[in-house]
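Quick look at data25.cif (mmCIF, C-alpha atoms):
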data_final
loop_
_atom_site.label_atom_id
_atom_site.label_comp_id
_atom_site.auth_asym_id
_atom_site.auth_seq_id
_atom_site.Cartn_x
_atom_site.Cartn_y
_atom_site.Cartn_z
CA MET A 1 0.00 0.00 0.00
CA SER A 2 1.53 3.16 -1.08
CA SER A 3 1.27 6.09 1.23
CA ALA A 4 0.65 9.55 -0.16
CA PRO A 5 3.60 11.72 0.06
CA LEU A 6 3.38 14.35 2.85
CA LEU A 7 3.02 17.81 1.51
CA SER A 8 5.24 20.22 3.41
CA GLU A 9 3.81 23.64 4.05
CA ALA A 10 5.64 26.49 2.46
CA PRO A 11 7.21 28.74 5.08
CA THR A 12 5.20 31.88 5.73
CA ALA A 13 7.10 35.00 4.85
CA VAL A 14 7.50 37.22 7.90
CA PRO A 15 7.07 40.84 6.94
CA PRO A 16 10.00 43.04 7.83
CA ARG A 17 9.64 44.84 11.17
CA PRO A 18 9.19 48.48 10.61
CA ALA A 19 11.78 50.76 12.08
CA ALA A 20 10.84 52.23 15.46
CA ALA A 21 9.01 55.42 14.98
CA ALA A 22 10.61 58.48 16.47
CA GLU A 23 9.06 59.63 19.74
CA PRO A 24 6.74 62.54 19.11
CA THR A 25 8.18 65.79 20.33
CA ARG A 26 6.36 68.26 22.55
CA PRO A 27 7.47 71.69 21.53
CA GLU A 28 5.87 73.24 24.60
CA ILE A 29 8.49 71.67 26.86
CA VAL A 30 11.49 72.02 24.57
CA ARG A 31 14.21 74.05 26.21
CA GLU A 32 16.43 76.19 24.10
CA THR A 33 20.08 75.33 24.72
CA GLY A 34 21.54 77.99 22.57
CA HIS A 35 21.16 81.70 22.10
CA ALA A 36 20.68 83.68 18.98
CA HIS A 37 23.72 85.76 19.69
CA GLY A 38 25.76 83.46 21.88
CA ALA A 39 25.46 81.94 25.36
CA PRO A 40 22.47 83.00 27.47
CA VAL A 41 23.02 85.70 30.05
CA VAL A 42 22.89 84.14 33.52
CA GLU A 43 23.70 87.23 35.57
CA LYS A 44 23.61 90.69 34.19
CA PRO A 45 26.19 93.01 35.72
CA LEU A 46 24.74 96.11 37.34
CA SER A 47 25.38 99.45 35.80
CA ALA A 48 27.18 102.16 37.72
CA PHE A 49 23.88 103.95 38.36
CA GLU A 50 22.28 100.75 39.74
CA ARG A 51 25.23 100.08 42.03
CA LEU A 52 25.04 103.60 43.42
CA TYR A 53 21.25 103.44 43.75
CA ASN A 54 21.53 100.28 45.87
CA GLN A 55 23.46 102.22 48.54
CA ALA A 56 20.94 103.28 51.21
CA TRP A 57 23.22 105.97 52.66
CA LEU A 58 23.58 107.62 49.25
CA ARG A 59 19.81 107.64 48.68
CA LYS A 60 19.30 109.30 52.07
CA ILE A 61 21.94 111.93 51.31
CA LEU A 62 20.19 112.71 48.02
CA ILE A 63 16.90 113.14 49.89
CA LEU A 64 18.58 115.54 52.34
CA VAL A 65 20.13 117.50 49.48
CA LEU A 66 16.72 117.75 47.80
CA LEU A 67 15.10 119.00 51.02
CA ALA A 68 17.89 121.54 51.50
CA GLY A 69 17.35 122.77 47.94
CA ILE A 70 13.60 123.19 48.56
CA TRP A 71 14.37 125.01 51.81
CA GLU A 72 16.78 127.38 50.08
CA ALA A 73 14.39 128.08 47.21
CA TYR A 74 11.45 128.77 49.51
CA GLY A 75 13.55 131.03 51.77
CA ARG A 76 14.73 133.05 48.78
CA TYR A 77 11.18 133.26 47.49
CA LEU A 78 9.94 134.74 50.81
CA ASP A 79 13.06 136.92 51.18
CA ASN A 80 12.39 137.46 54.90
CA ASP A 81 14.95 136.09 57.37
CA LEU A 82 12.72 137.06 60.27
CA LEU A 83 9.99 134.76 59.00
CA PHE A 84 11.87 131.94 57.28
CA PRO A 85 15.65 132.18 56.78
CA THR A 86 17.28 130.45 53.85
CA PHE A 87 19.24 127.25 54.23
CA SER A 88 22.50 129.11 53.54
CA ALA A 89 21.74 131.68 56.28
CA THR A 90 20.89 128.86 58.69
CA MET A 91 24.13 127.03 57.90
CA GLU A 92 26.09 130.26 58.38
CA ALA A 93 24.52 130.71 61.84
CA PHE A 94 25.07 127.01 62.59
CA PHE A 95 28.80 127.06 61.81
CA ARG A 96 29.24 130.35 63.67
CA ALA A 97 27.61 128.88 66.79
CA VAL A 98 29.70 125.72 66.46
CA ALA A 99 32.91 127.70 66.04
CA ASP A 100 32.37 129.77 69.18
CA GLY A 101 31.45 126.64 71.17
CA THR A 102 27.89 127.64 71.97
CA LEU A 103 26.06 124.87 70.15
CA PRO A 104 28.38 122.01 71.25
CA ALA A 105 28.06 123.11 74.90
CA ARG A 106 24.27 123.37 74.69
CA ALA A 107 23.97 120.04 72.86
CA TRP A 108 26.15 118.27 75.43
CA SER A 109 24.13 119.77 78.27
CA SER A 110 20.94 118.36 76.77
CA LEU A 111 22.47 114.98 75.94
CA LYS A 112 23.78 114.46 79.48
CA VAL A 113 20.31 114.91 80.95
CA LEU A 114 18.78 112.82 78.19
CA LEU A 115 21.13 109.89 78.71
CA MET A 116 20.48 109.86 82.46
CA GLY A 117 16.71 109.90 81.99
CA TYR A 118 16.87 107.35 79.16
CA ALA A 119 19.00 104.93 81.18
CA ALA A 120 16.74 105.26 84.23
CA GLY A 121 13.68 104.64 82.03
CA ILE A 122 15.24 101.48 80.58
CA VAL A 123 15.99 100.15 84.06
CA LEU A 124 12.44 100.82 85.27
CA ALA A 125 10.92 99.30 82.11
CA THR A 126 13.09 96.21 82.56
CA LEU A 127 11.90 95.75 86.15
CA LEU A 128 8.24 96.19 85.21
CA THR A 129 8.55 93.77 82.29
CA GLY A 130 10.32 91.20 84.46
CA ILE A 131 7.49 91.37 86.98
CA ALA A 132 4.93 91.09 84.17
CA ILE A 133 6.36 87.91 82.66
CA ALA A 134 6.86 86.31 86.07
CA SER A 135 3.18 86.15 87.05
CA ARG A 136 -0.32 86.98 85.93
CA ILE A 137 -0.72 89.63 88.60
CA GLY A 138 2.48 91.21 87.28
CA THR A 139 0.98 91.34 83.79
CA ASP A 140 -2.17 92.95 85.15
CA PHE A 141 -0.05 95.44 87.08
CA LEU A 142 1.93 96.48 84.00
CA GLU A 143 -1.17 96.72 81.80
CA THR A 144 -2.97 98.84 84.38
CA LEU A 145 -0.06 101.24 84.82
CA THR A 146 0.42 101.49 81.08
CA SER A 147 -3.24 102.26 80.50
CA MET A 148 -3.07 104.98 83.15
CA PHE A 149 0.20 106.72 82.40
CA ASN A 150 1.06 106.06 78.75
CA PRO A 151 -1.59 108.49 77.40
CA LEU A 152 -0.44 111.16 79.89
CA PRO A 153 1.91 113.67 78.19
CA ALA A 154 5.24 113.83 79.95
CA ILE A 155 5.38 117.61 79.69
CA ALA A 156 2.15 117.80 81.71
CA LEU A 157 4.02 116.33 84.69
CA LEU A 158 6.74 118.97 84.62
CA PRO A 159 4.93 121.47 86.96
CA LEU A 160 4.62 118.71 89.57
CA ALA A 161 8.22 117.69 88.99
CA LEU A 162 9.35 121.27 89.64
CA ILE A 163 7.43 121.28 92.94
CA TRP A 164 8.86 117.90 93.98
CA PHE A 165 12.44 118.18 92.68
CA GLY A 166 13.01 121.89 92.11
CA LEU A 167 14.51 123.70 89.14
CA GLY A 168 17.25 121.29 88.14
CA ASN A 169 18.12 118.09 86.39
CA GLY A 170 15.93 116.07 88.73
CA SER A 171 12.74 117.52 87.26
CA LEU A 172 13.85 116.88 83.70
CA ILE A 173 14.98 113.34 84.48
CA PHE A 174 11.62 112.63 86.11
CA VAL A 175 9.63 113.55 82.99
CA LEU A 176 12.14 111.75 80.77
CA VAL A 177 11.70 108.54 82.75
CA HIS A 178 7.96 108.86 82.32
CA SER A 179 8.25 109.36 78.55
CA VAL A 180 10.67 106.43 78.09
CA THR A 181 9.35 103.75 80.44
CA TRP A 182 5.96 102.93 78.97
CA ALA A 183 7.03 102.69 75.34
CA ILE A 184 9.90 100.34 76.16
CA ALA A 185 7.87 98.27 78.63
CA LEU A 186 4.96 97.85 76.20
CA ASN A 187 7.11 96.76 73.27
CA THR A 188 9.29 94.48 75.38
CA HIS A 189 6.31 92.76 76.99
CA SER A 190 4.62 92.34 73.59
CA GLY A 191 7.83 90.83 72.23
CA PHE A 192 8.04 88.33 75.09
CA LEU A 193 4.40 87.32 74.58
CA SER A 194 5.05 86.72 70.87
CA VAL A 195 7.81 84.17 71.54
CA SER A 196 6.49 80.77 70.47
CA ARG A 197 5.93 77.93 72.91
CA THR A 198 8.31 75.81 70.85
CA LEU A 199 11.22 78.11 71.67
CA ARG A 200 10.28 78.15 75.33
CA MET A 201 10.11 74.33 75.38
CA VAL A 202 13.50 74.12 73.67
CA GLY A 203 14.98 76.31 76.37
CA ARG A 204 13.44 74.22 79.13
CA ASN A 205 14.67 71.01 77.46
CA TYR A 206 18.17 72.43 77.74
CA GLY A 207 17.61 73.02 81.43
CA LEU A 208 17.15 76.79 81.19
CA SER A 209 14.87 78.58 83.59
CA GLY A 210 14.47 81.97 85.21
CA PRO A 211 17.06 84.58 84.20
CA ARG A 212 18.94 82.11 81.96
CA LEU A 213 15.77 81.37 79.97
CA ILE A 214 15.10 85.09 79.63
CA GLY A 215 18.66 85.90 78.60
CA LYS A 216 19.23 83.04 76.14
CA ILE A 217 15.75 82.49 74.68
CA LEU A 218 13.27 85.27 75.34
CA ILE A 219 15.44 88.35 74.79
CA PRO A 220 16.98 87.18 71.46
CA ALA A 221 13.57 86.05 70.16
CA ALA A 222 11.87 89.27 71.25
CA PHE A 223 14.73 91.60 70.32
CA PRO A 224 13.03 93.18 67.25
CA SER A 225 10.22 94.40 69.51
CA ILE A 226 12.70 95.46 72.20
CA LEU A 227 14.69 97.47 69.65
CA THR A 228 11.52 99.13 68.41
CA GLY A 229 10.69 100.12 71.99
CA LEU A 230 14.17 101.57 72.45
CA LYS A 231 13.78 103.65 69.27
CA VAL A 232 10.35 104.94 70.26
CA GLY A 233 11.54 105.66 73.80
CA TRP A 234 14.51 107.62 72.48
CA ALA A 235 12.29 109.72 70.21
CA PHE A 236 9.83 110.44 73.04
CA ALA A 237 12.64 111.38 75.42
CA TRP A 238 14.33 113.69 72.91
CA ARG A 239 11.11 115.54 72.12
CA THR A 240 10.15 115.78 75.79
CA LEU A 241 13.53 117.22 76.78
CA ILE A 242 13.54 119.91 74.09
CA ALA A 243 9.95 120.86 74.95
CA ALA A 244 10.75 121.02 78.68
CA GLU A 245 13.76 123.25 78.06
CA LEU A 246 11.70 125.49 75.81
CA VAL A 247 9.02 125.92 78.47
CA PHE A 248 11.09 126.05 81.65
CA GLY A 249 14.50 126.94 80.34
CA VAL A 250 17.66 126.66 82.38
CA SER A 251 18.49 123.50 84.30
CA SER A 252 21.05 123.86 87.08
CA GLY A 253 22.41 127.08 85.62
CA ALA A 254 23.20 125.59 82.19
CA GLY A 255 20.69 125.69 79.37
CA GLY A 256 20.42 123.03 76.69
CA LEU A 257 19.35 123.17 73.07
CA GLY A 258 15.78 124.03 73.97
CA TRP A 259 16.92 127.02 75.98
CA PHE A 260 19.23 128.06 73.11
CA ILE A 261 16.23 128.10 70.77
CA PHE A 262 14.12 129.96 73.31
CA GLU A 263 16.77 132.64 73.92
CA ASN A 264 17.31 133.35 70.24
CA LYS A 265 13.58 133.50 69.62
CA ASN A 266 13.30 136.24 72.24
CA MET A 267 16.13 138.13 70.53
CA LEU A 268 14.47 137.60 67.12
CA ASP A 269 17.62 135.89 65.83
CA ILE A 270 15.65 133.44 63.70
CA PRO A 271 18.67 132.00 61.81
CA ASN A 272 20.05 130.90 65.19
CA VAL A 273 16.64 129.44 66.07
CA PHE A 274 16.77 127.37 62.89
CA ALA A 275 20.38 126.44 63.65
CA GLY A 276 19.25 125.04 67.01
CA LEU A 277 16.42 123.13 65.35
CA LEU A 278 18.87 121.81 62.76
CA THR A 279 21.13 120.57 65.57
CA VAL A 280 18.21 118.69 67.12
CA ILE A 281 17.49 117.08 63.73
CA LEU A 282 21.14 116.17 63.12
CA ILE A 283 21.48 114.50 66.50
CA GLY A 284 18.31 112.51 65.78
CA LEU A 285 19.68 111.42 62.39
CA VAL A 286 23.00 110.34 63.89
CA VAL A 287 21.35 108.31 66.65
CA GLU A 288 18.90 106.63 64.27
CA ASN A 289 21.23 105.93 61.32
CA LEU A 290 24.47 105.18 63.13
CA ILE A 291 23.64 103.78 66.56
CA PHE A 292 20.30 102.02 66.14
CA GLN A 293 20.96 100.80 62.60
CA THR A 294 24.34 99.42 63.65
CA ILE A 295 22.68 97.52 66.49
CA GLU A 296 20.01 96.27 64.08
CA ARG A 297 22.56 95.03 61.52
CA ARG A 298 24.57 93.17 64.14
CA THR A 299 21.57 91.57 65.81
CA VAL A 300 18.21 91.39 64.03
CA GLN A 301 19.48 91.24 60.44
CA ARG A 302 22.43 89.02 61.33
CA TRP A 303 20.13 86.55 63.05
CA GLY A 304 17.87 86.41 59.99
CA MET A 305 14.89 87.91 61.81
CA GLN A 306 14.38 90.69 59.28
CA ALA A 307 14.81 90.90 55.54
#
Mind turning the file's structure into structure tokens?
Amino acid sequence: MSSAPLLSEAPTAVPPRPAAAAEPTRPEIVRETGHAHGAPVVEKPLSAFERLYNQAWLRKILILVLLAGIWEAYGRYLDNDLLFPTFSATMEAFFRAVADGTLPARAWSSLKVLLMGYAAGIVLATLLTGIAIASRIGTDFLETLTSMFNPLPAIALLPLALIWFGLGNGSLIFVLVHSVTWAIALNTHSGFLSVSRTLRMVGRNYGLSGPRLIGKILIPAAFPSILTGLKVGWAFAWRTLIAAELVFGVSSGAGGLGWFIFENKNMLDIPNVFAGLLTVILIGLVVENLIFQTIERRTVQRWGMQA
């Protein structure tokens, strides 16, 4: 029996595998790696004007020069030194009073009294704040005193101070302490209250308590508020002292800047009056821009607590 021959199937042709298609591009996320005119600019150097404009001290000097120019122009427009002397006439009177030693002596007389009253106010504010953060009754005590005496103008207490302490530095120091204490105490106490519980717990975990906790945790954390209180207290004290000297004049036989202004007003020497006012302004600028800003740079800004 013959078997039929097996028919072998023809091999199926496998079609060639198409080449892998290129991944579709998304032009919206394509990043340019080149530049039309060269490498991209990563950091543009500042121009000379921009470098100068970034200097705060130079901007403030330009503002002062502008104000002096407006002062000079307005004084020349009025053309009446008895009413409003020009800036040049004021500067002439200022340098004359500095050269003969009058203004430096008067300024130093005022500053001595101011520093004594300011220091005494800081000490009293520190004691009141320490009592306030130690107990609830201390907080109530400070808040009550602040509500009573902070709205009271310091100059209003000067007649009583003259009765109690006489015509001398004691009366001026008394009103200065009043003007300084409440501003510093309020800001310091608010700063202590704003310190987070986390920082307090960190201090306690390190075994700090009492004065060590205050000195190492609370004061650094609250220092921006403390510094603000010191600035406000200084401004209040400076204004109060000049006003007291203007009203009541000589203290212990030596007048300050306020008395210098008052004397020259009575003699109708208005350029000297403006020279005294200019001295008050210059001292305020020096204290604010040299002393307080230096403290702020070395503490608050250095610690990263202010931009």
Subject >> Expected selection from the PyMOL selection byres ((chain A and resi 280) around 12), given as a PyMOL selection string >> reply: chain A and resi 94+103-104+106-108+110-111+235+238-239+241-243+256-258+260-261+273-279+281-287
**OP:** To verify the selection step, state as number ranges by chain which residues the PyMOL selection byres ((chain A and resi 66-75) around 6) yields on this input.
**Re:** A: 63-65, 76-79, 84-87
Those selected residues, please, written with C-alpha atoms and delivered as a PDB file, in the coordinates of the input.
ATOM      1  CA  ILE A  63      16.900 113.140  49.890  1.00  0.00           C
ATOM      2  CA  LEU A  64      18.580 115.540  52.340  1.00  0.00           C
ATOM      3  CA  VAL A  65      20.130 117.500  49.480  1.00  0.00           C
ATOM      4  CA  ARG A  76      14.730 133.050  48.780  1.00  0.00           C
ATOM      5  CA  TYR A  77      11.180 133.260  47.490  1.00  0.00           C
ATOM      6  CA  LEU A  78       9.940 134.740  50.810  1.00  0.00           C
ATOM      7  CA  ASP A  79      13.060 136.920  51.180  1.00  0.00           C
ATOM      8  CA  PHE A  84      11.870 131.940  57.280  1.00  0.00           C
ATOM      9  CA  PRO A  85      15.650 132.180  56.780  1.00  0.00           C
ATOM     10  CA  THR A  86      17.280 130.450  53.850  1.00  0.00           C
ATOM     11  CA  PHE A  87      19.240 127.250  54.230  1.00  0.00           C
TER      12      PHE A  87
END
Subject >> Between CA of His189 (chain A) and CA of Leu160 (chain A), distance in Å (one decimal) >> reply: 28.9 Å
**OP:** Using the chain letters and residue numbers of this document, give as a list of chain:residue names the residues selected by the PyMOL selection byres ((chain A and resi 124) around 10).
**Re:** A:Tyr118, A:Ala119, A:Ala120, A:Gly121, A:Ile122, A:Val123, A:Ala125, A:Thr126, A:Leu127, A:Leu128, A:Thr129, A:Gly130, A:Val177, A:His178, A:Val180, A:Thr181, A:Trp182, A:Ile184, A:Ala185
Subject >> Nearest-residue call for Leu145 (chain A), choices A:Gly215, A:Gln301, A:Leu186, A:Gly166, using only C-alpha atoms >> reply: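 Looking only at the distances to Leu145 (chain A), the closest residue turns out to be A:Leu186.
Taking CA of Asp269 (chain A) as the reference point, CA of Ala89 (chain A) is found at 11.2 Å.
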**OP:** Quote the spacing between CA of Val195 (chain A) and CA of Leu218 (chain A) in Å to one decimal place.
**Re:**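 CA of Val195 (chain A) sits 6.7 Å away from CA of Leu218 (chain A).
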Taking all listed atoms of region 91-98 of chain A, build the axis-aligned box, pad each of the six sides by 3 Å, then write its centre and edge lengths in Å to one decimal as lines of an AutoDock Vina configuration file.
center_x = 26.9
center_y = 128.2
center_z = 62.3
size_x = 11.6
size_y = 11.0
size_z = 14.9
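If all atoms listed in the file are the atoms counted, then among A:Ile131, A:Val175, A:Leu227, A:Leu115 the closest residue to Leu152 (chain A) is A:Val175.
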